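The file entry_9.tsv comes next; it holds TSV, C-alpha atoms and all ligand atoms.
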chain	number	residue	atom	x	y	z
A	1	GLU	CA	-0.99	-9.49	-26.39
A	2	THR	CA	-0.85	-11.70	-23.32
A	3	ARG	CA	-2.87	-10.26	-20.49
A	4	ALA	CA	-1.53	-10.46	-16.98
A	5	LYS	CA	-3.36	-12.99	-14.80
A	6	SER	CA	-3.25	-10.59	-11.90
A	7	LEU	CA	-2.34	-6.95	-12.31
A	8	LEU	CA	-1.32	-6.57	-8.70
A	9	TYR	CA	-0.59	-9.22	-6.13
A	10	LEU	CA	0.33	-8.36	-2.56
A	11	GLU	CA	1.68	-11.57	-1.10
A	12	ASP	CA	1.84	-11.85	2.68
A	13	VAL	CA	3.07	-8.28	3.16
A	14	SER	CA	3.98	-6.92	6.60
A	15	VAL	CA	5.49	-3.66	7.81
A	16	SER	CA	6.12	-2.36	11.32
A	17	PHE	CA	6.71	1.17	12.57
A	18	ASP	CA	8.59	1.18	15.89
A	19	GLY	CA	7.46	-2.38	16.58
A	20	PHE	CA	3.81	-1.68	15.72
A	21	LYS	CA	2.52	-3.85	12.86
A	22	ALA	CA	0.71	-1.39	10.56
A	23	ILE	CA	0.41	-4.08	7.86
A	24	ASN	CA	0.16	-7.65	9.08
A	25	SER	CA	0.40	-10.57	6.59
A	26	LEU	CA	-1.72	-8.73	4.05
A	27	SER	CA	-2.55	-10.54	0.81
A	28	LEU	CA	-4.61	-8.98	-1.96
A	29	VAL	CA	-5.12	-9.60	-5.69
A	30	VAL	CA	-6.35	-7.00	-8.18
A	31	GLU	CA	-7.31	-8.31	-11.63
A	32	PRO	CA	-6.64	-6.46	-14.89
A	33	GLY	CA	-9.57	-4.09	-15.52
A	34	GLU	CA	-10.90	-4.47	-11.99
A	35	LEU	CA	-12.35	-1.65	-9.92
A	36	ARG	CA	-11.81	-2.53	-6.24
A	37	ALA	CA	-13.09	-0.65	-3.21
A	38	ILE	CA	-11.13	-0.65	0.06
A	39	ILE	CA	-12.86	0.20	3.32
A	40	GLY	CA	-11.90	-0.06	6.98
A	41	PRO	CA	-11.55	1.96	10.18
A	42	ASN	CA	-8.94	4.68	10.71
A	43	GLY	CA	-5.59	3.10	11.37
A	44	ALA	CA	-6.51	-0.08	9.43
A	45	GLY	CA	-3.48	0.37	7.18
A	46	LYS	CA	-5.18	1.62	4.01
A	47	THR	CA	-2.77	4.50	3.46
A	48	THR	CA	0.22	2.34	4.35
A	49	MET	CA	-0.94	-0.25	1.81
A	50	MET	CA	-1.03	2.45	-0.91
A	51	ASP	CA	2.42	3.64	0.25
A	52	ILE	CA	3.76	0.10	-0.14
A	53	ILE	CA	2.27	-0.33	-3.64
A	54	THR	CA	3.78	2.97	-4.83
A	55	GLY	CA	7.17	2.33	-3.24
A	56	LYS	CA	6.93	5.13	-0.69
A	57	THR	CA	7.18	2.54	2.09
A	58	ARG	CA	9.16	-0.67	1.76
A	59	PRO	CA	7.59	-3.73	3.44
A	60	ASP	CA	9.62	-5.71	5.98
A	61	THR	CA	8.46	-9.02	4.49
A	62	GLY	CA	6.33	-10.20	1.59
A	63	ARG	CA	6.24	-9.29	-2.07
A	64	VAL	CA	4.24	-6.93	-4.28
A	65	ILE	CA	4.02	-8.37	-7.79
A	66	PHE	CA	2.86	-6.23	-10.72
A	67	GLU	CA	1.72	-7.92	-13.96
A	68	ASP	CA	2.66	-11.38	-12.69
A	69	THR	CA	6.44	-10.91	-12.81
A	70	ILE	CA	7.62	-7.48	-11.64
A	71	ASP	CA	8.51	-7.33	-7.92
A	72	LEU	CA	7.72	-3.74	-6.91
A	73	THR	CA	9.45	-4.14	-3.54
A	74	LYS	CA	12.77	-4.04	-5.47
A	75	LYS	CA	11.90	-0.76	-7.23
A	76	ASP	CA	11.86	2.88	-6.19
A	77	GLU	CA	8.91	5.28	-6.38
A	78	ALA	CA	9.89	6.85	-9.72
A	79	ASP	CA	10.31	3.44	-11.39
A	80	ILE	CA	6.95	2.26	-10.05
A	81	ALA	CA	5.21	5.38	-11.40
A	82	GLN	CA	6.92	4.79	-14.74
A	83	LEU	CA	5.63	1.20	-14.82
A	84	GLY	CA	2.10	2.63	-14.87
A	85	ILE	CA	0.88	3.10	-11.31
A	86	GLY	CA	-0.75	6.47	-10.64
A	87	ARG	CA	-1.90	7.77	-7.27
A	88	LYS	CA	-4.45	10.39	-6.38
A	89	PHE	CA	-4.17	11.70	-2.85
A	90	GLN	CA	-7.21	12.93	-0.94
A	91	LYS	CA	-6.71	16.66	-1.47
A	92	PRO	CA	-6.80	17.99	-5.03
A	93	THR	CA	-3.49	19.40	-6.23
A	94	VAL	CA	-4.28	21.15	-9.48
A	95	PHE	CA	-2.58	24.32	-10.70
A	96	GLU	CA	-5.17	26.90	-9.68
A	97	SER	CA	-3.81	29.73	-11.81
A	98	HIS	CA	-3.94	27.64	-14.98
A	99	THR	CA	-6.95	26.65	-17.04
A	100	VAL	CA	-8.38	23.14	-17.09
A	101	TRP	CA	-6.88	22.57	-20.55
A	102	ASP	CA	-3.44	23.82	-19.45
A	103	ASN	CA	-3.50	21.58	-16.37
A	104	LEU	CA	-4.08	18.59	-18.65
A	105	GLU	CA	-1.42	19.79	-21.07
A	106	LEU	CA	1.06	20.13	-18.20
A	107	ALA	CA	0.20	16.61	-17.04
A	108	LEU	CA	0.68	15.21	-20.55
A	109	ASN	CA	4.06	16.92	-20.86
A	110	ARG	CA	5.06	15.79	-17.39
A	111	SER	CA	4.29	12.19	-18.35
A	112	ARG	CA	6.96	12.59	-21.05
A	113	SER	CA	9.42	14.27	-18.71
A	114	VAL	CA	9.06	17.63	-20.47
A	115	PHE	CA	9.18	19.55	-17.23
A	116	GLY	CA	7.89	23.05	-16.75
A	117	THR	CA	7.19	23.71	-20.39
A	118	LEU	CA	3.52	24.49	-20.71
A	119	PHE	CA	3.61	25.47	-24.37
A	120	TYR	CA	5.67	22.56	-25.61
A	121	THR	CA	4.12	21.98	-29.04
A	122	LEU	CA	1.25	19.55	-28.88
A	123	SER	CA	0.68	17.16	-31.73
A	124	ALA	CA	-2.80	16.62	-33.16
A	125	ASP	CA	-2.81	13.29	-31.30
A	126	ASP	CA	-2.00	15.07	-28.02
A	127	LYS	CA	-4.86	17.51	-28.53
A	128	ALA	CA	-7.22	14.65	-29.32
A	129	ARG	CA	-6.05	12.87	-26.18
A	130	ILE	CA	-6.75	15.96	-24.04
A	131	GLU	CA	-10.22	16.30	-25.62
A	132	GLU	CA	-10.84	12.63	-24.87
A	133	ILE	CA	-9.83	13.07	-21.22
A	134	LEU	CA	-12.08	16.16	-20.99
A	135	GLU	CA	-14.97	13.99	-22.23
A	136	THR	CA	-14.16	11.26	-19.72
A	137	ILE	CA	-14.09	13.66	-16.78
A	138	ARG	CA	-17.13	15.47	-18.26
A	139	MET	CA	-15.41	18.85	-18.26
A	140	THR	CA	-15.29	19.75	-21.94
A	141	HIS	CA	-17.54	22.74	-21.23
A	142	ARG	CA	-15.08	23.95	-18.57
A	143	LYS	CA	-11.83	23.56	-20.51
A	144	ASN	CA	-11.02	27.29	-20.62
A	145	GLU	CA	-11.94	27.89	-16.98
A	146	TYR	CA	-9.24	28.64	-14.44
A	147	ALA	CA	-8.89	25.73	-12.05
A	148	ALA	CA	-9.29	28.15	-9.13
A	149	ASN	CA	-12.91	28.71	-10.23
A	150	LEU	CA	-13.87	25.02	-10.22
A	151	SER	CA	-15.97	23.36	-7.55
A	152	HIS	CA	-14.21	20.98	-5.17
A	153	GLY	CA	-15.63	18.02	-7.10
A	154	GLN	CA	-14.47	19.39	-10.45
A	155	LYS	CA	-10.96	19.89	-9.06
A	156	GLN	CA	-10.94	16.24	-8.01
A	157	TRP	CA	-12.06	15.16	-11.48
A	158	LEU	CA	-9.47	17.39	-13.12
A	159	GLU	CA	-6.73	15.80	-11.06
A	160	ILE	CA	-7.99	12.35	-12.02
A	161	GLY	CA	-7.84	13.55	-15.64
A	162	MET	CA	-4.24	14.67	-15.10
A	163	LEU	CA	-3.39	11.18	-13.88
A	164	LEU	CA	-5.12	9.68	-16.94
A	165	ALA	CA	-2.77	11.73	-19.14
A	166	GLN	CA	-0.02	9.46	-17.82
A	167	GLU	CA	-1.93	6.36	-19.03
A	168	PRO	CA	-1.62	4.38	-15.79
A	169	LYS	CA	-2.43	0.66	-15.84
A	170	LEU	CA	-3.42	0.97	-12.20
A	171	LEU	CA	-4.91	4.05	-10.60
A	172	LEU	CA	-4.96	4.34	-6.79
A	173	VAL	CA	-7.51	6.84	-5.48
A	174	ASP	CA	-7.66	7.96	-1.86
A	175	GLU	CA	-11.06	9.15	-0.54
A	176	PRO	CA	-12.17	10.96	-3.71
A	177	VAL	CA	-15.69	11.88	-2.55
A	178	ALA	CA	-14.79	13.43	0.82
A	179	GLY	CA	-16.28	16.94	0.76
A	180	MET	CA	-18.30	16.35	-2.42
A	181	THR	CA	-22.00	17.04	-2.85
A	182	ASP	CA	-24.32	14.04	-3.35
A	183	ALA	CA	-24.56	14.81	-7.07
A	184	GLU	CA	-20.75	15.00	-7.37
A	185	THR	CA	-20.42	11.74	-5.44
A	186	SER	CA	-22.75	9.94	-7.89
A	187	GLU	CA	-20.84	11.42	-10.83
A	188	THR	CA	-17.58	10.19	-9.33
A	189	ALA	CA	-18.90	6.63	-9.09
A	190	LEU	CA	-19.79	6.78	-12.80
A	191	LEU	CA	-16.40	8.29	-13.62
A	192	LEU	CA	-14.42	5.58	-11.83
A	193	LYS	CA	-16.52	2.87	-13.51
A	194	GLU	CA	-15.81	4.49	-16.88
A	195	ILE	CA	-12.08	4.68	-16.15
A	196	ALA	CA	-11.98	1.02	-15.07
A	197	LYS	CA	-13.10	-0.03	-18.55
A	198	THR	CA	-9.53	0.55	-19.74
A	199	ARG	CA	-7.43	0.05	-16.59
A	200	SER	CA	-7.61	-1.13	-12.98
A	201	VAL	CA	-8.64	1.20	-10.18
A	202	VAL	CA	-8.28	0.77	-6.41
A	203	VAL	CA	-10.34	3.27	-4.43
A	204	VAL	CA	-10.26	3.84	-0.68
A	205	GLU	CA	-13.48	5.37	0.68
A	206	HIS	CA	-15.53	5.72	3.85
A	207	ASP	CA	-18.73	6.81	2.08
A	208	MET	CA	-20.83	3.62	2.11
A	209	GLY	CA	-23.47	5.09	-0.23
A	210	PHE	CA	-20.72	5.64	-2.78
A	211	ILE	CA	-19.31	2.13	-2.23
A	212	ARG	CA	-22.80	0.71	-2.75
A	213	ASP	CA	-23.16	2.78	-5.95
A	214	LEU	CA	-19.93	1.32	-7.31
A	215	GLY	CA	-21.31	-2.19	-6.90
A	216	VAL	CA	-17.87	-3.82	-7.07
A	217	LYS	CA	-15.85	-6.21	-4.91
A	218	VAL	CA	-15.00	-4.67	-1.55
A	219	THR	CA	-12.06	-5.41	0.73
A	220	CYS	CA	-12.38	-4.40	4.38
A	221	LEU	CA	-9.06	-3.95	6.14
A	222	ALA	CA	-8.55	-3.86	9.90
A	223	GLU	CA	-5.34	-3.96	11.90
A	224	GLY	CA	-3.31	-4.32	8.74
A	225	SER	CA	-5.02	-7.41	7.32
A	226	VAL	CA	-8.07	-8.36	5.29
A	227	LEU	CA	-11.07	-8.66	7.58
A	228	ALA	CA	-13.58	-9.54	4.85
A	229	GLU	CA	-13.78	-9.45	1.08
A	230	GLY	CA	-16.65	-9.81	-1.40
A	231	SER	CA	-19.79	-7.98	-2.46
A	232	ILE	CA	-20.88	-4.99	-0.37
A	233	ASP	CA	-23.82	-7.02	0.96
A	234	PHE	CA	-21.54	-9.86	1.99
A	235	VAL	CA	-18.94	-7.58	3.59
A	236	SER	CA	-21.41	-5.26	5.34
A	237	ASN	CA	-23.20	-8.23	6.94
A	238	ASP	CA	-19.99	-9.79	8.25
A	239	PRO	CA	-20.09	-9.64	12.08
A	240	LYS	CA	-16.36	-8.79	12.23
A	241	VAL	CA	-16.88	-5.84	9.86
A	242	ILE	CA	-19.86	-4.62	11.90
A	243	GLU	CA	-17.89	-4.92	15.13
A	244	ASN	CA	-14.67	-3.30	13.85
A	245	TYR	CA	-16.01	-0.72	11.45
A	246	LEU	CA	-19.65	-0.26	10.52
A	247	GLY	CA	-21.11	-0.57	14.01
A	248	ARG	CA	-18.79	2.02	15.53
A	301	LIG	P1	-5.53	4.17	7.50
A	301	LIG	O1	-5.09	4.82	6.23
A	301	LIG	O2	-6.34	2.93	7.27
A	301	LIG	O3	-6.24	5.12	8.41
A	301	LIG	P2	-2.71	4.08	8.10
A	301	LIG	O4	-2.09	3.26	7.02
A	301	LIG	O5	-2.59	5.56	7.97
A	301	LIG	O6	-4.23	3.67	8.28
A	301	LIG	O7	-2.08	3.69	9.49
A	301	LIG	C1	-1.97	2.37	9.99
A	301	LIG	C2	-1.27	2.39	11.31
A	301	LIG	O8	0.11	2.61	11.11
A	301	LIG	C3	-1.77	3.49	12.24
A	301	LIG	O9	-1.79	2.98	13.55
A	301	LIG	C4	-0.70	4.58	12.07
A	301	LIG	O10	-0.61	5.33	13.24
A	301	LIG	C5	0.54	3.77	11.81
A	301	LIG	N1	1.51	4.47	10.93
A	301	LIG	C6	1.33	4.75	9.63
A	301	LIG	N2	2.41	5.35	9.11
A	301	LIG	C7	3.31	5.47	10.11
A	301	LIG	C8	4.64	6.00	10.22
A	301	LIG	N3	5.27	6.53	9.17
A	301	LIG	N4	5.23	5.93	11.44
A	301	LIG	C9	4.61	5.39	12.49
A	301	LIG	N5	3.38	4.87	12.47
A	301	LIG	C10	2.72	4.90	11.28
As structure tokens:
Amino acid sequence: ETRAKSLLYLEDVSVSFDGFKAINSLSLVVEPGELRAIIGPNGAGKTTMMDIITGKTRPDTGRVIFEDTIDLTKKDEADIAQLGIGRKFQKPTVFESHTVWDNLELALNRSRSVFGTLFYTLSADDKARIEEILETIRMTHRKNEYAANLSHGQKQWLEIGMLLAQEPKLLLVDEPVAGMTDAETSETALLLKEIAKTRSVVVVEHDMGFIRDLGVKVTCLAEGSVLAEGSIDFVSNDPKVIENYLGR
């Protein structure tokens, strides 16, 4: 197997809304198996960047290259998801009236385009896969619980588990720890590190304690471009980052 040199490469990407440059000559590389944290003030373009990667927004100029050769700017959202890019939005969207197990089963079936059929027969491999995901998200003991009865943090983890059922090569996660307790926030850092052992993860967060816990390369965006990139110590001591974000 030949591994991609870069899993994701945004090359000089720009997009304007009504003449306002939301993304301005943005370049960014994510390596295979990398966990990357994205920080930056409101309006920096973090959401727009995720929208561009997933094909929800098409850039005006620049390219988004997946696995060295695939230009995502030529593909639509469904194709990009199929290529192995999963996205977790900020708010959890689990099926509250189903159990944890059934949510994962639905997600597994959905990944195979078996829509709406909860009790589509699962193979032994499928069941093992669901058990494995339950272990990863540390919710084996909650598998028969209705999702409605989970804590906010557990709902977030369940949704991450549902995305894992689709075996993404790249997982994009938007502000996962917003509204979580300190204990849940620490657990989430461990969870994302665990997940990044087998795939790449890009996580947008404002919680600097969480970012510090992750201990990975950080990219700070501002006004649609990269303001600083490197270790959290390097980035958080950058005068431009202090002026535009941390010092506010
Ligand atoms: P962040 O996620 O970092 O807070 P966004 O990507 O949401 O930043 O927004 C970047 C800028 O682009 C903001 O000024 C926002 O108002 C603007 N913007 C984002 N999406 C649209 C849109 N669909 N139409 C007009 N302006 C937009």
- Would you mind listing what lies within 8 Å of A:Val201 as number ranges by chain, with all atoms listed in the file counted and same-chain residues fewer than 2 positions away left out? A: 33-36, 170-173, 192, 195-196, 199, 203
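For the pair atom CA of A:Leu122 and atom CA of A:Met139, the separation is 19.8 Å.
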Produce a table with one row for each residue of chain A that has an atom at most 8 Å from any atom of ligand LIG 301 (chain A), each row naming the nearest atom pair and its distance in Å at one decimal; use all atoms listed in the file; arrange rows by chain and rising residue number; format as a Markdown table.
| residue | atom | partner | partner_atom | distance |
| --- | --- | --- | --- | --- |
| A:Ser16 | CA | A:LIG301 | O8 | 7.8 |
| A:Phe17 | CA | A:LIG301 | C9 | 4.7 |
| A:Asp18 | CA | A:LIG301 | C9 | 6.7 |
| A:Phe20 | CA | A:LIG301 | O8 | 7.3 |
| A:Lys21 | CA | A:LIG301 | O8 | 7.1 |
| A:Ala22 | CA | A:LIG301 | O8 | 4.1 |
| A:Ile23 | CA | A:LIG301 | C1 | 7.2 |
| A:Gly40 | CA | A:LIG301 | O2 | 6.3 |
| A:Pro41 | CA | A:LIG301 | O2 | 6.0 |
| A:Asn42 | CA | A:LIG301 | O3 | 3.6 |
| A:Gly43 | CA | A:LIG301 | O6 | 3.4 |
| A:Ala44 | CA | A:LIG301 | O2 | 3.7 |
| A:Gly45 | CA | A:LIG301 | O4 | 3.2 |
| A:Lys46 | CA | A:LIG301 | O2 | 3.7 |
| A:Thr47 | CA | A:LIG301 | O1 | 3.6 |
| A:Thr48 | CA | A:LIG301 | O4 | 3.6 |
| A:Met49 | CA | A:LIG301 | O4 | 6.4 |
| A:Leu221 | CA | A:LIG301 | O2 | 7.5 |
| A:Ala222 | CA | A:LIG301 | O2 | 7.6 |
| A:Glu223 | CA | A:LIG301 | C1 | 7.4 |
| A:Gly224 | CA | A:LIG301 | C1 | 6.9 |
- Near-A:Ile80 list (9 Å; only C-alpha atoms; drop same-chain fewer than 4 positions) as a list in words: Ile53, Thr54, Gly55, Leu72, Lys75, Asp76, Gly84, Ile85 and Gly86 of chain A
- Which residues, written as a ChimeraX atom specification, have at least one atom at most 12 Å from A:Val241, with all atoms listed in the file counted and residues fewer than 2 positions away on the same chain left out? /A:39-41,44,218-223,226-230,232-239,243-248
- Task: Within 8 Å of A:Arg58, counting all atoms listed in the file, which residues show up once you throw out same-chain ones fewer than 2 positions away? Write them as a PyMOL selection string, please.
- Result: chain A and resi 15+52+55-56+60+73
- Item | Residues within 8 Å of A:Leu104, all atoms listed in the file, excluding chain neighbours under 4 positions, as a list in words |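 That gives Val100, Leu108, Ile130, Leu158, Gly161, Met162 and Ala165 of chain A.
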- Note on the structure: Restricting to only C-alpha atoms, whichever of A:Leu7, A:Leu191, A:Leu106, A:Val29 is closest to A:Phe66 is A:Leu7
- Message: Measuring between all atoms listed in the file, which one of A:Glu77, A:Glu159, A:Asp102, A:Asp126 shows the shortest distance to A:Asn144?
- Response: A:Asp102
- In Å to one decimal, how far is atom CA of A:Leu164 from atom CA of A:Pro176? 15.0 Å
- Interatomic distance (Å, one decimal) between atom CA of A:Ile38 and atom CA of A:Glu135: 26.9 Å
For stretch 69-80 of chain A, what centre and edge lengths in Å (one decimal) does the axis-aligned box get once 8 Å is added on each side of all its listed atoms, as lines of an AutoDock Vina configuration file?
center_x = 9.6
center_y = -2.0
center_z = -8.2
size_x = 22.3
size_y = 33.8
size_z = 25.3
- Item | Which of A:Asp51, A:Ile211, A:Gly62, A:Val30 sits closest to A:Glu11 [using all atoms listed in the file] |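 Selected residue with least distance to A:Glu11: A:Gly62.
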- Nearest to A:Leu163 among A:Arg110, A:Arg63, A:Lys74, A:Lys197, with distances taken over all atoms listed in the file: which residue is it?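 Counting all atoms listed in the file, the residue closest to A:Leu163 is A:Arg110.
Proximity of A:Met208, A:Val177, A:Leu26, A:Ile65 to A:Lys88, computed with all atoms listed in the file, is greatest for A:Val177.
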